[in-house]
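Visitor: One file: query-v2.tsv (TSV, C-alpha atoms and all ligand atoms).
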```tsv
chain	number	residue	atom	x	y	z
Z	269	ASP	CA	14.44	-4.95	-42.86
Z	270	SER	CA	14.93	-1.46	-41.51
Z	271	VAL	CA	14.56	-0.86	-37.80
Z	272	ALA	CA	14.32	2.66	-36.38
Z	273	ALA	CA	14.36	3.69	-32.74
Z	274	ILE	CA	12.50	6.40	-30.87
Z	275	LEU	CA	13.98	7.48	-27.54
Z	276	VAL	CA	11.41	9.45	-25.56
Z	277	ALA	CA	13.10	12.09	-23.46
Z	278	ALA	CA	10.50	14.85	-23.22
Z	279	GLY	CA	9.33	14.13	-19.67
Z	280	ARG	CA	9.67	16.58	-16.84
Z	281	GLY	CA	10.37	13.93	-14.20
Z	282	GLU	CA	7.43	15.06	-12.13
Z	283	ARG	CA	6.45	11.62	-10.97
Z	284	ALA	CA	9.35	11.61	-8.54
Z	285	GLY	CA	8.38	15.04	-7.24
Z	286	PHE	CA	9.80	18.33	-8.44
Z	287	SER	CA	13.54	18.17	-8.39
Z	288	ALA	CA	15.90	21.10	-8.66
Z	289	GLU	CA	18.30	18.89	-10.60
Z	290	GLY	CA	15.95	18.76	-13.57
Z	291	PRO	CA	14.71	15.84	-15.67
Z	292	LYS	CA	16.49	12.49	-15.08
Z	293	GLN	CA	17.51	12.06	-18.71
Z	294	TYR	CA	19.88	15.02	-18.37
Z	295	ARG	CA	21.45	14.03	-15.07
Z	296	THR	CA	25.07	12.95	-15.34
Z	297	ILE	CA	25.96	9.42	-14.32
Z	298	GLY	CA	29.53	8.34	-14.75
Z	299	GLU	CA	30.84	10.88	-17.19
Z	300	ARG	CA	27.87	11.40	-19.43
Z	301	ALA	CA	24.24	12.37	-19.29
Z	302	VAL	CA	21.75	9.52	-18.89
Z	303	LEU	CA	20.43	10.30	-22.38
Z	304	ALA	CA	23.94	9.98	-23.86
Z	305	HIS	CA	24.37	6.55	-22.25
Z	306	THR	CA	21.04	5.40	-23.63
Z	307	LEU	CA	21.73	6.78	-27.08
Z	308	GLY	CA	25.15	5.12	-27.10
Z	309	VAL	CA	23.57	1.68	-26.74
Z	310	PHE	CA	21.22	2.24	-29.68
Z	311	ARG	CA	23.80	3.95	-31.89
Z	312	SER	CA	26.21	1.07	-31.51
Z	313	HIS	CA	23.58	-1.52	-32.36
Z	314	PRO	CA	24.19	-2.79	-35.91
Z	315	ARG	CA	20.53	-3.39	-36.79
Z	316	ILE	CA	19.23	0.09	-35.99
Z	317	SER	CA	19.20	2.78	-38.66
Z	318	ASP	CA	17.41	6.04	-37.88
Z	319	ILE	CA	17.21	7.23	-34.28
Z	320	VAL	CA	14.70	9.85	-33.19
Z	321	VAL	CA	15.20	11.57	-29.84
Z	322	VAL	CA	12.03	13.24	-28.63
Z	323	ILE	CA	12.70	16.17	-26.32
Z	324	HIS	CA	10.75	18.89	-24.55
Z	325	ALA	CA	10.46	22.26	-26.29
Z	326	ASP	CA	12.41	23.89	-23.43
Z	327	ASP	CA	15.27	21.39	-23.43
Z	328	GLY	CA	17.12	22.16	-26.66
Z	329	GLN	CA	20.17	23.49	-24.87
Z	330	LEU	CA	20.16	20.74	-22.22
Z	331	CYS	CA	20.02	18.17	-24.99
Z	332	GLU	CA	22.81	19.77	-26.95
Z	333	ASN	CA	24.98	19.83	-23.84
Z	334	ALA	CA	24.11	16.22	-23.09
Z	335	LEU	CA	24.78	14.85	-26.56
Z	336	GLY	CA	27.49	17.11	-27.96
Z	337	PRO	CA	28.45	16.05	-31.50
Z	338	LEU	CA	26.21	12.97	-31.19
Z	339	ALA	CA	23.22	15.31	-31.54
Z	340	GLU	CA	24.01	15.73	-35.24
Z	341	ARG	CA	23.61	12.03	-35.88
Z	342	VAL	CA	20.07	11.71	-34.58
Z	343	HIS	CA	16.75	13.32	-35.44
Z	344	LEU	CA	15.65	15.71	-32.69
Z	345	VAL	CA	11.89	16.09	-32.46
Z	346	THR	CA	9.74	18.07	-30.01
Z	347	GLY	CA	7.43	15.98	-27.81
Z	348	GLY	CA	4.07	16.48	-26.11
Z	349	ALA	CA	2.38	16.70	-22.74
Z	350	GLU	CA	2.07	12.96	-22.08
Z	351	ARG	CA	4.46	10.18	-22.96
Z	352	GLN	CA	1.92	8.89	-25.45
Z	353	ASN	CA	1.96	12.25	-27.26
Z	354	SER	CA	5.74	12.27	-27.35
Z	355	VAL	CA	5.85	8.81	-28.91
Z	356	ARG	CA	3.34	9.92	-31.51
Z	357	CYS	CA	5.53	12.90	-32.44
Z	358	GLY	CA	8.39	10.48	-33.04
Z	359	LEU	CA	6.23	8.14	-35.12
Z	360	GLU	CA	4.93	10.98	-37.28
Z	361	PHE	CA	8.47	12.16	-37.89
Z	362	LEU	CA	9.50	8.69	-39.08
Z	363	ALA	CA	6.42	8.44	-41.29
Z	364	ASP	CA	7.52	11.60	-43.11
Z	365	LEU	CA	10.98	10.27	-43.97
Z	366	ALA	CA	11.62	9.38	-47.60
Z	367	GLN	CA	11.54	5.76	-46.50
Z	368	ALA	CA	9.58	4.93	-43.37
Z	369	PRO	CA	11.07	2.06	-41.35
Z	370	ARG	CA	9.54	-1.39	-41.36
Z	371	SER	CA	9.87	-1.78	-37.58
Z	372	VAL	CA	10.33	0.61	-34.71
Z	373	LEU	CA	11.67	0.31	-31.20
Z	374	ILE	CA	10.24	2.72	-28.64
Z	375	HIS	CA	12.41	3.25	-25.58
Z	376	ASP	CA	12.42	5.33	-22.40
Z	377	ALA	CA	15.52	7.53	-22.46
Z	378	VAL	CA	15.69	7.05	-18.69
Z	379	ARG	CA	16.62	3.36	-19.10
Z	380	PRO	CA	20.34	3.73	-19.86
Z	381	PHE	CA	21.28	0.16	-18.92
Z	382	VAL	CA	19.45	-1.52	-21.78
Z	383	ASP	CA	21.69	-4.06	-23.54
Z	384	HIS	CA	22.10	-5.31	-27.11
Z	385	ALA	CA	20.88	-8.83	-26.32
Z	386	THR	CA	17.56	-7.46	-25.06
Z	387	ILE	CA	17.25	-5.25	-28.16
Z	388	ASP	CA	17.92	-8.27	-30.39
Z	389	ARG	CA	15.26	-10.37	-28.67
Z	390	VAL	CA	12.73	-7.57	-29.13
Z	391	ILE	CA	13.58	-7.01	-32.80
Z	392	ASP	CA	13.40	-10.73	-33.59
Z	393	ALA	CA	10.08	-11.29	-31.84
Z	394	ALA	CA	8.53	-8.09	-33.15
Z	395	THR	CA	9.47	-9.06	-36.69
Z	396	THR	CA	7.89	-12.48	-36.25
Z	397	HIS	CA	4.79	-11.58	-34.22
Z	398	GLY	CA	4.10	-7.90	-34.92
Z	399	GLY	CA	4.85	-6.64	-31.44
Z	400	ALA	CA	7.21	-7.59	-28.60
Z	401	ILE	CA	8.29	-6.19	-25.27
Z	402	PRO	CA	10.95	-7.18	-22.75
Z	403	ALA	CA	9.47	-8.19	-19.42
Z	404	VAL	CA	10.63	-9.61	-16.11
Z	405	PRO	CA	8.60	-11.81	-13.76
Z	406	ILE	CA	7.32	-9.97	-10.68
Z	407	ALA	CA	9.27	-11.12	-7.63
Z	408	ASP	CA	7.30	-9.30	-4.95
Z	409	THR	CA	3.88	-10.32	-3.74
Z	410	ILE	CA	1.45	-7.76	-5.15
Z	411	LYS	CA	-1.15	-6.03	-2.97
Z	412	ARG	CA	-4.07	-3.92	-4.06
Z	413	ALA	CA	-4.67	-1.20	-1.46
Z	414	ALA	CA	-7.90	0.52	-0.52
Z	415	GLU	CA	-8.06	4.32	-0.19
Z	416	ASP	CA	-6.98	4.10	3.44
Z	417	ARG	CA	-4.00	1.92	2.58
Z	418	THR	CA	-5.42	-1.22	4.11
Z	419	ILE	CA	-4.96	-4.24	1.89
Z	420	ALA	CA	-7.99	-4.85	-0.26
Z	421	ALA	CA	-6.61	-7.86	-2.09
Z	422	THR	CA	-3.54	-9.91	-2.80
Z	423	VAL	CA	-3.13	-10.29	-6.53
Z	424	PRO	CA	-1.91	-13.75	-7.53
Z	425	ARG	CA	1.49	-13.14	-9.03
Z	426	ALA	CA	1.61	-16.15	-11.33
Z	427	GLY	CA	1.73	-14.88	-14.89
Z	428	LEU	CA	2.47	-11.28	-13.86
Z	429	PHE	CA	5.37	-9.46	-15.45
Z	430	GLY	CA	6.87	-6.01	-15.26
Z	431	ALA	CA	6.98	-4.37	-18.68
Z	432	GLN	CA	10.21	-2.73	-19.81
Z	433	THR	CA	11.34	-0.97	-22.95
Z	434	PRO	CA	12.39	-1.01	-25.78
Z	435	GLN	CA	9.04	-2.14	-27.11
Z	436	GLY	CA	9.15	-3.16	-30.74
Z	437	PHE	CA	6.41	-3.13	-33.38
Z	438	ARG	CA	5.82	-3.17	-37.08
Z	439	PHE	CA	5.89	0.51	-37.87
Z	440	ALA	CA	2.64	0.81	-39.80
Z	441	ALA	CA	0.68	-1.04	-37.11
Z	442	ILE	CA	1.89	0.97	-34.12
Z	443	ARG	CA	1.52	4.23	-36.01
Z	444	ALA	CA	-2.09	3.40	-36.86
Z	445	ALA	CA	-2.76	2.32	-33.27
Z	446	HIS	CA	-1.42	5.60	-31.90
Z	447	GLU	CA	-3.47	7.55	-34.40
Z	448	ASP	CA	-6.64	5.69	-33.40
Z	449	ALA	CA	-5.92	6.19	-29.71
Z	450	ALA	CA	-5.44	9.92	-30.20
Z	451	ARG	CA	-8.58	10.13	-32.32
Z	452	SER	CA	-10.52	8.34	-29.57
Z	453	GLY	CA	-9.32	10.89	-27.07
Z	454	ARG	CA	-7.38	8.30	-25.08
Z	455	SER	CA	-4.26	9.63	-23.42
Z	456	ASP	CA	-4.02	7.35	-20.42
Z	457	PHE	CA	-1.83	4.61	-21.87
Z	458	THR	CA	1.41	4.19	-19.97
Z	459	ASP	CA	3.25	2.12	-22.55
Z	460	ASP	CA	3.03	1.39	-26.24
Z	461	ALA	CA	2.18	-2.27	-25.87
Z	462	SER	CA	-1.08	-1.27	-24.17
Z	463	ILE	CA	-1.95	0.88	-27.18
Z	464	ALA	CA	-1.13	-2.00	-29.52
Z	465	GLU	CA	-3.23	-4.40	-27.41
Z	466	TRP	CA	-6.10	-1.92	-27.42
Z	467	ALA	CA	-5.87	-1.76	-31.20
Z	468	GLY	CA	-5.86	-5.53	-31.47
Z	469	THR	CA	-2.22	-6.10	-32.37
Z	470	LYS	CA	-0.65	-9.22	-30.94
Z	471	VAL	CA	2.23	-8.45	-28.58
Z	472	VAL	CA	4.50	-11.10	-27.10
Z	473	LEU	CA	6.82	-11.00	-24.11
Z	474	VAL	CA	10.52	-11.68	-24.44
Z	475	GLU	CA	13.02	-11.98	-21.64
Z	476	GLY	CA	13.91	-8.59	-20.19
Z	477	ALA	CA	16.90	-7.75	-18.02
Z	478	ALA	CA	16.86	-7.07	-14.30
Z	479	GLY	CA	19.39	-4.31	-14.84
Z	480	ASN	CA	17.24	-2.47	-17.38
Z	481	VAL	CA	15.72	-0.22	-14.73
Z	482	LYS	CA	13.88	3.03	-15.29
Z	483	LEU	CA	15.52	5.90	-13.44
Z	484	THR	CA	12.55	7.47	-11.72
Z	485	THR	CA	13.56	8.69	-8.29
Z	486	ARG	CA	16.60	10.55	-7.07
Z	487	GLU	CA	17.65	7.29	-5.38
Z	488	ASP	CA	17.55	5.49	-8.72
Z	489	VAL	CA	19.95	8.05	-10.16
Z	490	ALA	CA	22.28	7.71	-7.17
Z	491	ALA	CA	22.25	3.92	-7.50
Z	492	ALA	CA	22.99	4.21	-11.22
Z	493	HIS	CA	25.93	6.44	-10.45
Z	494	GLU	CA	27.33	3.88	-8.01
Z	495	ARG	CA	26.77	1.08	-10.44
Z	496	LEU	CA	28.76	2.82	-13.19
Z	497	LYS	CA	31.54	3.70	-10.75
Z	498	ARG	CA	31.90	0.05	-9.86
Z	499	ARG	CA	31.65	-0.76	-13.55
Z	500	VAL	CA	28.99	-3.35	-12.96
Z	501	PRO	CA	27.83	-4.21	-16.46
E	601	LIG	O1	7.00	9.62	-16.92
E	601	LIG	P1	7.48	8.27	-17.31
E	601	LIG	O2	8.24	7.59	-16.23
E	601	LIG	O3	6.46	7.40	-17.96
E	601	LIG	O4	8.56	8.57	-18.44
E	601	LIG	C1	9.13	7.55	-19.21
E	601	LIG	C2	9.86	8.18	-20.38
E	601	LIG	O5	8.95	8.92	-21.18
E	601	LIG	C3	10.97	9.16	-19.96
E	601	LIG	O6	12.13	8.91	-20.73
E	601	LIG	C4	10.35	10.51	-20.24
E	601	LIG	O7	11.32	11.49	-20.60
E	601	LIG	C5	9.45	10.21	-21.42
E	601	LIG	N1	8.32	11.16	-21.53
E	601	LIG	C6	8.18	11.94	-22.69
E	601	LIG	N2	7.17	12.85	-22.79
E	601	LIG	C7	6.32	13.06	-21.76
E	601	LIG	C8	6.44	12.27	-20.58
E	601	LIG	C9	7.45	11.33	-20.50
E	601	LIG	O8	8.98	11.77	-23.63
E	601	LIG	N3	5.38	13.98	-21.90
```
Is it possible to express this structure as structure tokens?

Guide:
Amino acid sequence: DSVAAILVAAGRGERAGFSAEGPKQYRTIGERAVLAHTLGVFRSHPRISDIVVVIHADDGQLCENALGPLAERVHLVTGGAERQNSVRCGLEFLADLAQAPRSVLIHDAVRPFVDHATIDRVIDAATTHGGAIPAVPIADTIKRAAEDRTIAATVPRAGLFGAQTPQGFRFAAIRAAHEDAARSGRSDFTDDASIAEWAGTKVVLVEGAAGNVKLTTREDVAAAHERLKRRVP
């Protein structure tokens, strides 16, 4: 069964505040751009066929610099204003291929430390159940804050997980879910599993990896740099 991957890399990195260094996916850690690290993991995975990299309209040159000759072996697609729009651009591209994939993995380009074992768990569970995401149990005690930052509630942490990517789905189902979400004017979903849930698709959790962090802040990038220098796997 064919499995494609969409790496979303069209964000501006504004969540961490404007940074002169540009979007995180193009920052260099070790000797390569974050996006090149991420792509390397997917390209070397034996079960993944087509790879779509979704980039911002302004980032063509950045992407070419980041990927070098690797750029010719992926499909480059222009993304949209929100992550959800960017994913949809990738899905529509895949739908237009001569043969659409049976399953698709959707991954944040800013998670370069994803590993093959995690990808395998997601593919296996998504094939069986329709949808699967890697997740890790929440270790911290979770507080809900009021406007003035006083604690309004402590949320029981039993059964709470942090959602990671890649998130895997049967292609036809996630494409239809994204289409319905867009048609309903919803653009507030922060991951693809929430769109699948909203559309009524069953999504299961598989074991994620503590190291599969999302590089969001400047500190995250610095830590990633250190980690590669020390060659911590
Ligand atoms: O902003 P957020 O942390 O959710 O970004 C997660 C991933 O989604 C990043 O890899 C980012 O480049 C991507 N993204 C995108 N298009 C957007 C916003 C984010 O591809 N409009």

Visitor: Per residue of chain Z within 8 Å of ligand LIG 601 (chain E), what are the shortest atom pair and its distance in Å to one decimal, counting all atoms listed in the file, with rows by chain and residue number, as CSV?

Guide:
```
residue,atom,partner,partner_atom,distance
Z:Leu275,CA,E:LIG601,O6,7.2
Z:Val276,CA,E:LIG601,O8,3.9
Z:Ala277,CA,E:LIG601,O7,3.4
Z:Ala278,CA,E:LIG601,O8,3.5
Z:Gly279,CA,E:LIG601,O7,3.4
Z:Arg280,CA,E:LIG601,O7,6.5
Z:Gly281,CA,E:LIG601,O1,6.1
Z:Glu282,CA,E:LIG601,O1,7.3
Z:Arg283,CA,E:LIG601,O1,6.3
Z:Pro291,CA,E:LIG601,O7,7.4
Z:Lys292,CA,E:LIG601,O7,7.6
Z:Gln293,CA,E:LIG601,O7,6.5
Z:Val322,CA,E:LIG601,O8,6.0
Z:Ile323,CA,E:LIG601,O8,6.4
Z:His324,CA,E:LIG601,N2,7.2
Z:Gly347,CA,E:LIG601,N2,5.9
Z:Gly348,CA,E:LIG601,N3,5.1
Z:Ala349,CA,E:LIG601,N3,4.1
Z:Glu350,CA,E:LIG601,N3,3.5
Z:Arg351,CA,E:LIG601,C7,3.6
Z:Gln352,CA,E:LIG601,N2,7.1
Z:Asn353,CA,E:LIG601,N3,6.6
Z:Ser354,CA,E:LIG601,N2,4.8
Z:Val355,CA,E:LIG601,O8,6.8
Z:His375,CA,E:LIG601,O6,7.5
Z:Asp376,CA,E:LIG601,O6,4.0
Z:Ala377,CA,E:LIG601,O6,4.0
Z:Val378,CA,E:LIG601,O6,4.5
Z:Arg379,CA,E:LIG601,O6,7.3
Z:Thr458,CA,E:LIG601,O3,6.3
Z:Asp459,CA,E:LIG601,O3,7.7
Z:Lys482,CA,E:LIG601,O2,7.3
Z:Leu483,CA,E:LIG601,O2,8.0
Z:Thr484,CA,E:LIG601,O2,6.2
```

Visitor: Quick one: write out the picked residues with C-alpha atoms as a compact mmCIF listing (two decimals), in the frame of the given file?

Guide:
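The result, stored in out_27.txt:
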```txt
# COMPACT_ATOMS: atom_id res chain seq x y z
CA LEU Z 275 13.98 7.48 -27.54
CA VAL Z 276 11.41 9.45 -25.56
CA ALA Z 277 13.10 12.09 -23.46
CA ALA Z 278 10.50 14.85 -23.22
CA GLY Z 279 9.33 14.13 -19.67
CA ARG Z 280 9.67 16.58 -16.84
CA GLY Z 281 10.37 13.93 -14.20
CA GLU Z 282 7.43 15.06 -12.13
CA ARG Z 283 6.45 11.62 -10.97
CA PRO Z 291 14.71 15.84 -15.67
CA LYS Z 292 16.49 12.49 -15.08
CA GLN Z 293 17.51 12.06 -18.71
CA VAL Z 322 12.03 13.24 -28.63
CA ILE Z 323 12.70 16.17 -26.32
CA HIS Z 324 10.75 18.89 -24.55
CA GLY Z 347 7.43 15.98 -27.81
CA GLY Z 348 4.07 16.48 -26.11
CA ALA Z 349 2.38 16.70 -22.74
CA GLU Z 350 2.07 12.96 -22.08
CA ARG Z 351 4.46 10.18 -22.96
CA GLN Z 352 1.92 8.89 -25.45
CA ASN Z 353 1.96 12.25 -27.26
CA SER Z 354 5.74 12.27 -27.35
CA VAL Z 355 5.85 8.81 -28.91
CA HIS Z 375 12.41 3.25 -25.58
CA ASP Z 376 12.42 5.33 -22.40
CA ALA Z 377 15.52 7.53 -22.46
CA VAL Z 378 15.69 7.05 -18.69
CA ARG Z 379 16.62 3.36 -19.10
CA THR Z 458 1.41 4.19 -19.97
CA ASP Z 459 3.25 2.12 -22.55
CA LYS Z 482 13.88 3.03 -15.29
CA LEU Z 483 15.52 5.90 -13.44
CA THR Z 484 12.55 7.47 -11.72
```

Visitor: Work out how far CA of Ile391 (chain Z) is from CA of Ser317 (chain Z), in Å to one decimal.

Guide: 12.7 Å

Visitor: Mind pulling up the distance from CA of Arg412 (chain Z) to CA of Ala478 (chain Z)?

Guide: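 Between CA of Ala478 (chain Z) and CA of Arg412 (chain Z) the gap works out to 23.5 Å.
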
Visitor: Could you give me, as a VMD selection string, the residues within 12 Å of region 294-300 of chain Z, counting all atoms listed in the file and dropping anything in the same chain fewer than 5 positions from it?

Guide: chain Z and resid 277 to 281 287 to 289 305 to 308 323 to 324 327 to 336 338 377 to 378 380 to 381 483 to 486 488 to 500

Visitor: Would you kindly return, as a count of residues only, each protein, DNA or RNA residue with an atom no farther than 9 Å from any atom of Phe310 (chain Z), considering only C-alpha atoms and excluding same-chain residues fewer than 4 positions away?

Guide: 9

Visitor: Pick the closest to Ala449 (chain Z) from Z:Ala400, Z:Ala477, Z:Ile410, Z:Arg356: which is it, counting all atoms listed in the file?

Guide: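 Closest to Ala449 (chain Z) of all the choices is Z:Arg356.
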
Visitor: What is the distance between CA of Glu447 (chain Z) and CA of Val390 (chain Z), in Å to one decimal?

Guide: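 Rounded to one decimal, the two atoms are 22.8 Å apart.
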
Visitor: Have a look at Z:Pro369, Z:Pro405, Z:Gly476, Z:Pro434 and name the one nearest to Ser270 (chain Z); count all atoms listed in the file.

Guide: Z:Pro369

Visitor: Looking at only C-alpha atoms, which of Z:Thr409, Z:Ser371, Z:Thr395, Z:Asn480 is the one that sits closest to Arg443 (chain Z)?

Guide: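 Smallest distance to Arg443 (chain Z) is found for Z:Ser371.
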
Visitor: Of the candidates Z:Leu365, Z:Val481, Z:Ile274, Z:Ala467, which shows the shortest atom-to-atom distance to Arg454 (chain Z), using all atoms listed in the file?

Guide: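 Nearest to Arg454 (chain Z): Z:Ala467.
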
Visitor: Counting only C-alpha atoms, which residue out of Z:Ala431, Z:Val321, Z:Leu303, Z:Ile463 sits closest to Thr346 (chain Z)?

Guide: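 Closest candidate: Z:Val321.
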
Visitor: Hey, which of Z:Gln432, Z:Arg311, Z:Val372, Z:Leu359 ends up closest to Gly479 (chain Z)? Count only C-alpha atoms.

Guide: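 Result for the nearest residue to Gly479 (chain Z): Z:Gln432.
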